[in-house]
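Asker: upload_22.cif is reproduced in full below (mmCIF, C-alpha atoms).
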```cif
data_start
loop_
_atom_site.label_atom_id
_atom_site.label_comp_id
_atom_site.auth_asym_id
_atom_site.auth_seq_id
_atom_site.Cartn_x
_atom_site.Cartn_y
_atom_site.Cartn_z
CA HIS A 1 123.53 63.95 81.63
CA THR A 2 122.91 62.42 78.21
CA THR A 3 123.70 65.73 76.50
CA VAL A 4 126.89 66.15 78.53
CA ALA A 5 127.98 62.57 77.81
CA LEU A 6 127.29 63.04 74.10
CA ARG A 7 129.25 66.29 74.05
CA GLU A 8 132.18 64.62 75.85
CA SER A 9 132.08 61.71 73.40
CA LYS A 10 132.13 64.09 70.42
CA ASN A 11 135.01 66.04 71.91
CA LYS A 12 137.01 62.84 72.50
CA PHE A 13 136.36 61.70 68.92
CA ARG A 14 137.38 65.06 67.50
CA ASP A 15 140.51 65.18 69.68
CA LEU A 16 141.56 61.68 68.60
CA SER A 17 140.69 62.34 64.97
CA GLU A 18 142.53 65.66 64.75
CA LYS A 19 145.77 64.03 66.00
CA SER A 20 145.38 60.74 64.14
CA PHE A 21 147.93 59.43 61.65
CA VAL A 22 144.99 57.85 59.78
CA GLY A 23 142.58 59.74 57.56
CA VAL A 24 139.04 59.99 58.95
CA TYR A 25 135.95 60.93 56.90
CA LEU A 26 132.19 61.28 56.98
CA ILE A 27 130.31 61.26 53.67
CA GLN A 28 126.72 62.27 53.02
CA ASP A 29 124.98 63.56 49.87
CA ASP A 30 128.17 62.92 47.85
CA LEU A 31 130.06 65.44 49.98
CA PHE A 32 132.60 65.22 52.76
CA LYS A 33 130.75 66.41 55.85
CA TYR A 34 133.86 65.88 57.95
CA VAL A 35 137.51 65.09 57.26
CA ASN A 36 140.43 65.21 59.66
CA PRO A 37 143.74 66.97 58.88
CA LYS A 38 145.46 63.69 57.92
CA LEU A 39 142.91 62.86 55.22
CA ALA A 40 143.19 66.38 53.80
CA GLU A 41 147.00 66.09 53.84
CA ILE A 42 146.95 62.73 51.98
CA PHE A 43 145.09 64.31 49.08
CA GLY A 44 146.87 67.70 49.17
CA TYR A 45 143.99 69.84 50.45
CA THR A 46 143.12 71.71 53.61
CA THR A 47 140.12 70.49 55.61
CA GLU A 48 138.28 73.69 54.63
CA GLU A 49 138.77 72.91 50.93
CA LEU A 50 137.10 69.51 51.37
CA ILE A 51 134.33 69.81 53.96
CA ASP A 52 130.98 70.63 52.28
CA LYS A 53 132.82 71.56 49.06
CA ARG A 54 134.17 68.33 47.63
CA GLY A 55 133.20 64.69 47.71
CA PRO A 56 134.85 61.28 47.32
CA ARG A 57 134.67 61.51 43.53
CA ASP A 58 137.14 64.43 43.65
CA VAL A 59 139.84 62.30 45.28
CA VAL A 60 139.32 58.96 43.51
CA TRP A 61 141.17 57.93 40.34
CA PRO A 62 138.47 57.99 37.59
CA LEU A 63 138.97 54.32 36.66
CA ASP A 64 138.34 53.29 40.29
CA TRP A 65 135.33 55.55 40.85
CA PRO A 66 132.72 52.90 39.83
CA LEU A 67 134.13 50.57 42.52
CA VAL A 68 134.20 53.24 45.23
CA ASN A 69 130.78 54.63 44.28
CA GLU A 70 129.21 51.16 44.42
CA ASN A 71 130.75 50.44 47.81
CA ILE A 72 129.44 53.74 49.19
CA ARG A 73 125.97 52.99 47.76
CA ARG A 74 125.89 49.51 49.28
CA ARG A 75 126.59 50.92 52.72
CA LEU A 76 124.12 53.79 52.40
CA VAL A 77 121.21 51.52 51.44
CA GLY A 78 122.10 48.99 54.13
CA GLU A 79 123.24 46.10 51.89
CA ILE A 80 126.38 45.90 54.01
CA ASP A 81 127.29 47.43 57.35
CA SER A 82 131.03 47.79 56.73
CA ILE A 83 133.69 47.10 54.12
CA GLN A 84 137.46 47.19 53.71
CA TYR A 85 139.08 47.52 50.29
CA GLU A 86 141.72 49.36 48.26
CA PHE A 87 141.45 51.97 45.53
CA ARG A 88 143.64 54.47 43.71
CA GLY A 89 143.31 58.08 44.78
CA ILE A 90 144.26 61.32 43.06
CA THR A 91 145.77 64.29 44.88
CA ASN A 92 145.13 67.99 44.35
CA ASN A 93 148.26 68.20 42.15
CA ARG A 94 147.25 65.07 40.17
CA GLU A 95 149.54 62.53 41.84
CA LEU A 96 148.44 58.91 42.17
CA ARG A 97 147.99 57.43 45.65
CA TYR A 98 147.20 53.87 46.70
CA ILE A 99 144.58 53.92 49.42
CA GLU A 100 143.27 51.33 51.87
CA VAL A 101 139.89 52.26 53.28
CA TYR A 102 137.65 50.91 56.00
CA GLY A 103 134.13 52.31 56.13
CA SER A 104 130.81 51.61 57.79
CA ARG A 105 127.23 52.79 57.66
CA THR A 106 126.15 55.43 60.16
CA SER A 107 123.50 58.08 60.70
CA TYR A 108 124.27 61.79 60.51
CA ARG A 109 121.60 64.34 61.41
CA GLY A 110 118.94 61.65 61.11
CA ARG A 111 119.91 60.38 57.66
CA PRO A 112 122.21 57.58 56.34
CA ALA A 113 125.88 58.44 55.91
CA VAL A 114 129.22 56.68 55.57
CA ILE A 115 132.01 57.04 58.10
CA GLY A 116 135.44 55.46 58.10
CA THR A 117 139.20 55.58 58.07
CA LEU A 118 141.62 55.83 55.22
CA LEU A 119 145.30 54.88 54.98
CA ASP A 120 147.85 55.95 52.37
CA ILE A 121 149.62 52.70 51.39
CA THR A 122 151.47 54.15 48.38
CA LYS A 123 154.96 53.47 49.78
CA ARG A 124 154.02 49.92 50.75
CA ARG A 125 152.47 49.21 47.36
CA ARG A 126 155.46 50.61 45.46
CA ALA A 127 157.83 48.58 47.65
CA GLU A 128 155.76 45.48 46.81
CA GLU A 129 155.95 46.33 43.10
CA LEU A 130 159.73 46.82 43.30
CA LEU A 131 160.07 43.51 45.10
CA LYS A 132 157.91 41.82 42.47
CA ASP A 133 160.02 43.34 39.69
CA ALA A 134 163.19 42.18 41.44
CA GLU A 135 161.76 38.68 41.83
CA GLN A 136 160.81 38.58 38.15
CA LYS A 137 164.28 39.78 37.14
CA TYR A 138 165.89 37.21 39.41
CA ARG A 139 163.59 34.52 38.01
CA SER A 140 164.57 35.50 34.46
CA ILE A 141 168.28 35.37 35.33
CA PHE A 142 167.77 32.07 37.15
CA GLU A 143 165.92 30.47 34.24
CA ASN A 144 168.15 31.78 31.44
CA ALA A 145 171.61 31.70 33.02
CA VAL A 146 174.34 29.77 31.22
CA GLU A 147 175.76 28.69 34.59
CA GLY A 148 174.08 26.09 36.71
CA ILE A 149 172.40 27.65 39.74
CA PHE A 150 171.42 25.61 42.77
CA GLN A 151 170.25 25.66 46.37
CA SER A 152 170.91 22.64 48.57
CA ALA A 153 169.93 21.78 52.14
CA PRO A 154 172.56 20.86 54.73
CA LYS A 155 171.03 17.36 54.97
CA GLY A 156 171.86 16.72 51.31
CA ASN A 157 168.82 17.29 49.12
CA LEU A 158 168.41 19.83 46.34
CA ILE A 159 165.98 22.69 47.05
CA ALA A 160 166.27 24.51 43.73
CA ALA A 161 167.99 24.06 40.39
CA ASN A 162 167.80 26.02 37.15
CA PRO A 163 167.55 24.55 33.62
CA ALA A 164 171.31 24.94 33.00
CA PHE A 165 172.08 22.92 36.14
CA ALA A 166 169.74 20.13 35.00
CA LYS A 167 171.12 20.09 31.45
CA MET A 168 174.72 20.07 32.69
CA LEU A 169 174.05 16.92 34.70
CA GLY A 170 171.99 15.17 32.05
CA TYR A 171 168.50 15.63 33.50
CA ASP A 172 165.55 16.62 31.35
CA THR A 173 164.15 19.26 33.71
CA PRO A 174 164.98 20.97 37.01
CA GLU A 175 161.95 19.19 38.49
CA GLU A 176 163.51 15.82 37.62
CA CYS A 177 166.70 16.91 39.43
CA LEU A 178 164.80 17.85 42.56
CA SER A 179 162.80 14.64 42.65
CA LEU A 180 165.69 12.23 41.92
CA ILE A 181 168.61 13.82 43.75
CA THR A 182 167.92 13.21 47.44
CA ASP A 183 171.50 12.70 48.66
CA ILE A 184 173.97 15.00 46.95
CA GLY A 185 177.01 13.44 48.60
CA TYR A 186 176.40 9.99 47.15
CA GLN A 187 174.47 10.82 43.98
CA LEU A 188 176.26 13.90 42.64
CA TYR A 189 179.83 13.80 43.88
CA SER A 190 182.10 11.14 42.43
CA GLN A 191 183.48 10.83 45.97
CA PRO A 192 181.09 11.48 48.91
CA SER A 193 183.94 12.93 50.98
CA VAL A 194 184.11 15.88 48.55
CA ARG A 195 180.65 17.00 49.71
CA GLU A 196 181.97 17.10 53.27
CA GLU A 197 184.96 19.11 52.07
CA PHE A 198 182.62 21.53 50.26
CA ILE A 199 180.53 22.06 53.42
CA GLN A 200 183.62 22.51 55.59
CA GLN A 201 185.07 25.16 53.31
CA VAL A 202 181.77 27.05 53.05
CA GLU A 203 181.33 26.91 56.81
CA ASP A 204 184.87 28.14 57.44
CA SER A 205 184.73 31.13 55.12
CA GLY A 206 181.01 31.69 54.50
CA LEU A 207 181.86 32.07 50.82
CA LEU A 208 183.49 29.58 48.47
CA LYS A 209 185.05 30.51 45.12
CA GLY A 210 186.47 28.29 42.39
CA PHE A 211 185.90 24.99 44.20
CA GLU A 212 186.74 22.33 41.59
CA CYS A 213 185.32 18.85 41.84
CA GLU A 214 184.03 15.92 39.79
CA LEU A 215 180.28 15.33 39.58
CA CYS A 216 178.27 12.37 38.32
CA LYS A 217 175.68 12.86 35.59
CA LYS A 218 172.37 11.01 35.46
CA ASN A 219 173.79 8.42 33.00
CA GLY A 220 176.86 7.77 35.17
CA ASP A 221 179.34 9.86 33.18
CA THR A 222 181.40 12.37 35.12
CA ILE A 223 182.13 16.04 34.52
CA TRP A 224 184.44 18.52 36.18
CA VAL A 225 182.87 21.70 37.53
CA SER A 226 184.04 24.90 39.18
CA MET A 227 181.69 25.96 41.95
CA ASN A 228 181.02 29.23 43.75
CA ALA A 229 178.80 29.00 46.81
CA ARG A 230 177.75 30.68 50.03
CA ARG A 231 175.81 29.70 53.10
CA VAL A 232 172.45 31.32 53.90
CA HIS A 233 171.46 31.37 57.55
CA ASP A 234 168.68 32.68 59.79
CA ALA A 235 168.92 35.27 62.58
CA ASP A 236 170.26 32.61 64.96
CA LYS A 237 173.09 31.77 62.52
CA LYS A 238 171.54 28.38 61.77
CA VAL A 239 172.28 27.35 58.16
CA LEU A 240 169.11 27.27 56.06
CA TYR A 241 170.74 26.23 52.79
CA TYR A 242 173.75 26.60 50.51
CA GLU A 243 173.37 28.36 47.20
CA GLY A 244 175.73 28.87 44.34
CA THR A 245 176.68 28.45 40.72
CA LEU A 246 178.65 25.85 38.85
CA GLU A 247 180.43 25.89 35.51
CA ASP A 248 181.38 22.89 33.42
CA ILE A 249 185.21 22.89 33.17
CA THR A 250 185.59 19.35 31.78
CA GLU A 251 187.23 20.55 28.54
CA LYS A 252 189.55 22.82 30.51
CA LYS A 253 190.58 19.86 32.65
CA LYS A 254 191.26 17.72 29.56
CA VAL A 255 193.52 20.43 28.13
CA GLU A 256 195.34 20.71 31.45
CA GLN A 257 195.87 16.96 31.55
CA GLU A 258 197.26 16.96 28.00
CA LEU A 259 199.61 19.82 28.89
CA ASN A 260 200.81 17.88 31.93
CA ARG A 261 201.55 14.85 29.71
CA LEU A 262 203.52 17.04 27.30
CA HIS A 263 205.54 18.45 30.19
CA GLN A 264 206.32 14.92 31.35
CA PHE A 265 207.83 14.07 27.95
CA ASN A 266 209.92 17.26 27.79
#
```
Let me see whether you can do it: turn the structure in this file into structure tokens.

Answerer:
Amino acid sequence: HTTVALRESKNKFRDLSEKSFVGVYLIQDDLFKYVNPKLAEIFGYTTEELIDKRGPRDVVWPLDWPLVNENIRRRLVGEIDSIQYEFRGITNNRELRYIEVYGSRTSYRGRPAVIGTLLDITKRRRAEELLKDAEQKYRSIFENAVEGIFQSAPKGNLIAANPAFAKMLGYDTPEECLSLITDIGYQLYSQPSVREEFIQQVEDSGLLKGFECELCKKNGDTIWVSMNARRVHDADKKVLYYEGTLEDITEKKKVEQELNRLHQFN
């Protein structure tokens, strides 16, 4: 009965492993004693090209081999029972792969071995890198933009402001803006009702362009700005915040006022 049960268990494992979307391996004596088709596919080999012919060193990026080798050793000698970590792999045609591996200590034919699963996370890692690059580019634009950039909550406090925004309104740093401006309607707008008008227009159209208004600087002086803004909401259409840009048009307004005076005299 024990032999039958063992045979059934092995058959179930092999059936699951052969159809798995995850790489499965067994390592002993620096060789793959078993790999499933998915693991072979990840590294660009057939199972026959790996089993008893190649070992983990053949599929690990040379710079990451010391890490992988040490983790295999620690499991083989019993320092740890299992481990999960990431390393860079190398395929048969020399392409780089990012790999997440989970492995544990086992016994194979009466001697210590390492068994585990392996996942190709290359697409995920590259997506993360692209996202990180995009965030860094956005951060660079945000920090160095000539226009003021802001995010404000519906309740009236600033969530984010870039250096140009702070400078435009007479604050030393964006952090000072965020800490001191807690009610945009009364602290920034020369007339609180203009904040309500801003919100109404953004809510009506979702996007606001060229909204001109007068804002108060930290020292009490006023400036005219032209604002572009949009609302950002969650899946339930609840507004999370408003974000946009503003440009100082005070000089433009002065010229317009002078032109109007000239027209009055003509």

Asker: Name all residues at most 8 Å from Ile27 in chain A (count all atoms listed in the file; drop same-chain ones fewer than 3 positions away) and give them as a PyMOL selection string.

Answerer: chain A and resi 30-34+55-56+113-115

Asker: Could you write out the selected residues, including C-alpha atoms, as a JSON list (two decimals), in the coordinates of the input?

Answerer:
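Printed below is again_22.json as written:
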```json
[["chain", "number", "residue", "atom", "x", "y", "z"],
["A", 30, "ASP", "CA", 128.17, 62.92, 47.85],
["A", 31, "LEU", "CA", 130.06, 65.44, 49.98],
["A", 32, "PHE", "CA", 132.60, 65.22, 52.76],
["A", 33, "LYS", "CA", 130.75, 66.41, 55.85],
["A", 34, "TYR", "CA", 133.86, 65.88, 57.95],
["A", 55, "GLY", "CA", 133.20, 64.69, 47.71],
["A", 56, "PRO", "CA", 134.85, 61.28, 47.32],
["A", 113, "ALA", "CA", 125.88, 58.44, 55.91],
["A", 114, "VAL", "CA", 129.22, 56.68, 55.57],
["A", 115, "ILE", "CA", 132.01, 57.04, 58.10]]
```

Asker: How far is it from CA of Arg139 in chain A to CA of Ala166 in chain A, in Å with one decimal?

Answerer: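 CA of Arg139 in chain A sits 15.9 Å away from CA of Ala166 in chain A.
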
Asker: Of the candidates A:Glu212, A:Glu135, A:Glu86, A:Asp172, which one gets nearest to Leu246 in chain A if we count only C-alpha atoms?

Answerer: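 Going through A:Glu212, A:Glu135, A:Glu86, A:Asp172 one by one, the smallest distance to Leu246 in chain A is for A:Glu212.
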
Asker: If I take CA of Pro112 in chain A and CA of Arg75 in chain A, how far is one from the other in Å, to one decimal?

Answerer: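 Result for CA of Pro112 in chain A versus CA of Arg75 in chain A: 8.8 Å, one decimal.
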
Asker: Give me, please, the distance in Å between CA of Phe142 in chain A and CA of Ile199 in chain A, quoted to one decimal.

Answerer: 23.0 Å

Asker: Find the residues around Ile42 in chain A up to 8 Å (all atoms listed in the file counted), leave out those fewer than 4 positions away in its own chain, and share them as a count of residues only.

Answerer: 4

Asker: With only C-alpha atoms as the basis for distance, which of A:Ile159, A:Ile121, A:Leu63, A:Ala164 is at the shortest distance from Tyr85 in chain A?

Answerer: A:Ile121

Asker: When the PyMOL selection byres ((chain A and resi 253) around 12) is applied to the structure above, which residues does it catch, written out as a list in words?

Answerer: Glu212, Cys213, Glu214, Ile223, Trp224, Val225, Ser226, Asp248, Ile249, Thr250, Glu251, Lys252, Lys254, Val255, Glu256, Gln257, Glu258, Leu259 and Asn260 of chain A

Asker: In file coordinates, which residues lie within 12 Å of (135.6, 64.2, 48.6) using only C-alpha atoms, given as JSON, numbers by chain?

Answerer: {"A": [24, 25, 26, 27, 28, 29, 30, 31, 32, 33, 34, 35, 39, 40, 42, 43, 44, 45, 46, 47, 48, 49, 50, 51, 52, 53, 54, 55, 56, 57, 58, 59, 60, 61, 65, 68, 69, 89, 90, 91, 92]}

Asker: Once you count all atoms listed in the file, which residues end up no further than 12 Å from (168.2, 10.5, 42.6) in the file's frame, shown as an MDAnalysis selection string?

Answerer: chainID A and resid 156:158 169 171 175:188 216:220

Asker: If we count all atoms listed in the file, what is near Asn228 in chain A at a cut-off of 8 Å, once residues fewer than 4 positions away on the same chain are taken out, given as a list in words?

Answerer: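 Once the adjacent positions are removed, what remains is Leu207, Leu208, Lys209, Gly210, Phe211, Gly244, Thr245 and Leu246 of chain A.
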
Asker: Would you write out, as a CSV table (one decimal) with C-alpha atoms, keeping the file's coordinate frame, every residue that the PyMOL selection byres ((chain A and resi 125) around 12) captures in this file?

Answerer:
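That gives us part-v6.csv:
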```csv
chain,number,residue,atom,x,y,z
A,86,GLU,CA,141.7,49.4,48.3
A,87,PHE,CA,141.4,52.0,45.5
A,88,ARG,CA,143.6,54.5,43.7
A,96,LEU,CA,148.4,58.9,42.2
A,97,ARG,CA,148.0,57.4,45.6
A,98,TYR,CA,147.2,53.9,46.7
A,99,ILE,CA,144.6,53.9,49.4
A,100,GLU,CA,143.3,51.3,51.9
A,119,LEU,CA,145.3,54.9,55.0
A,120,ASP,CA,147.8,56.0,52.4
A,121,ILE,CA,149.6,52.7,51.4
A,122,THR,CA,151.5,54.2,48.4
A,123,LYS,CA,155.0,53.5,49.8
A,124,ARG,CA,154.0,49.9,50.8
A,126,ARG,CA,155.5,50.6,45.5
A,127,ALA,CA,157.8,48.6,47.6
A,128,GLU,CA,155.8,45.5,46.8
A,129,GLU,CA,156.0,46.3,43.1
A,130,LEU,CA,159.7,46.8,43.3
A,131,LEU,CA,160.1,43.5,45.1
A,132,LYS,CA,157.9,41.8,42.5
```

Asker: Using only C-alpha atoms, which of the listed residues (A:Pro62, A:Pro37, A:Asn162, A:Ile80) sits closest to Tyr138 in chain A?

Answerer: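 Ranked by minimum distance to Tyr138 in chain A, first place goes to A:Asn162.
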
Asker: Please write out, as JSON, where the centre of an axis-aligned box around all listed atoms of range 87-91 of chain A lies and how long its edges are, in Å to one decimal, after adding 5 Å on each side.

Answerer:
```
{"center_x": 143.6, "center_y": 58.1, "center_z": 44.3, "size_x": 14.3, "size_y": 22.3, "size_z": 12.5}
```

Asker: Determine the nearest neighbour of Asn144 in chain A from the options A:Val22, A:Ala161, A:Ile72, A:Leu262, counting all atoms listed in the file.

Answerer: A:Ala161

Asker: I'd like the residues picked by the PyMOL selection byres ((chain A and resi 83) around 6) written out as a list of chain:residue names, using the chain letters and numbers from the file.

Answerer: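 Written out, the selection comes to A:Ser82, A:Gln84, A:Tyr102, A:Gly103.
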
Asker: My list of candidates is A:Tyr241, A:Phe165, A:Tyr189, A:Lys137. Which is closest to Glu203 in chain A when distances are computed with only C-alpha atoms?

Answerer: A:Tyr241
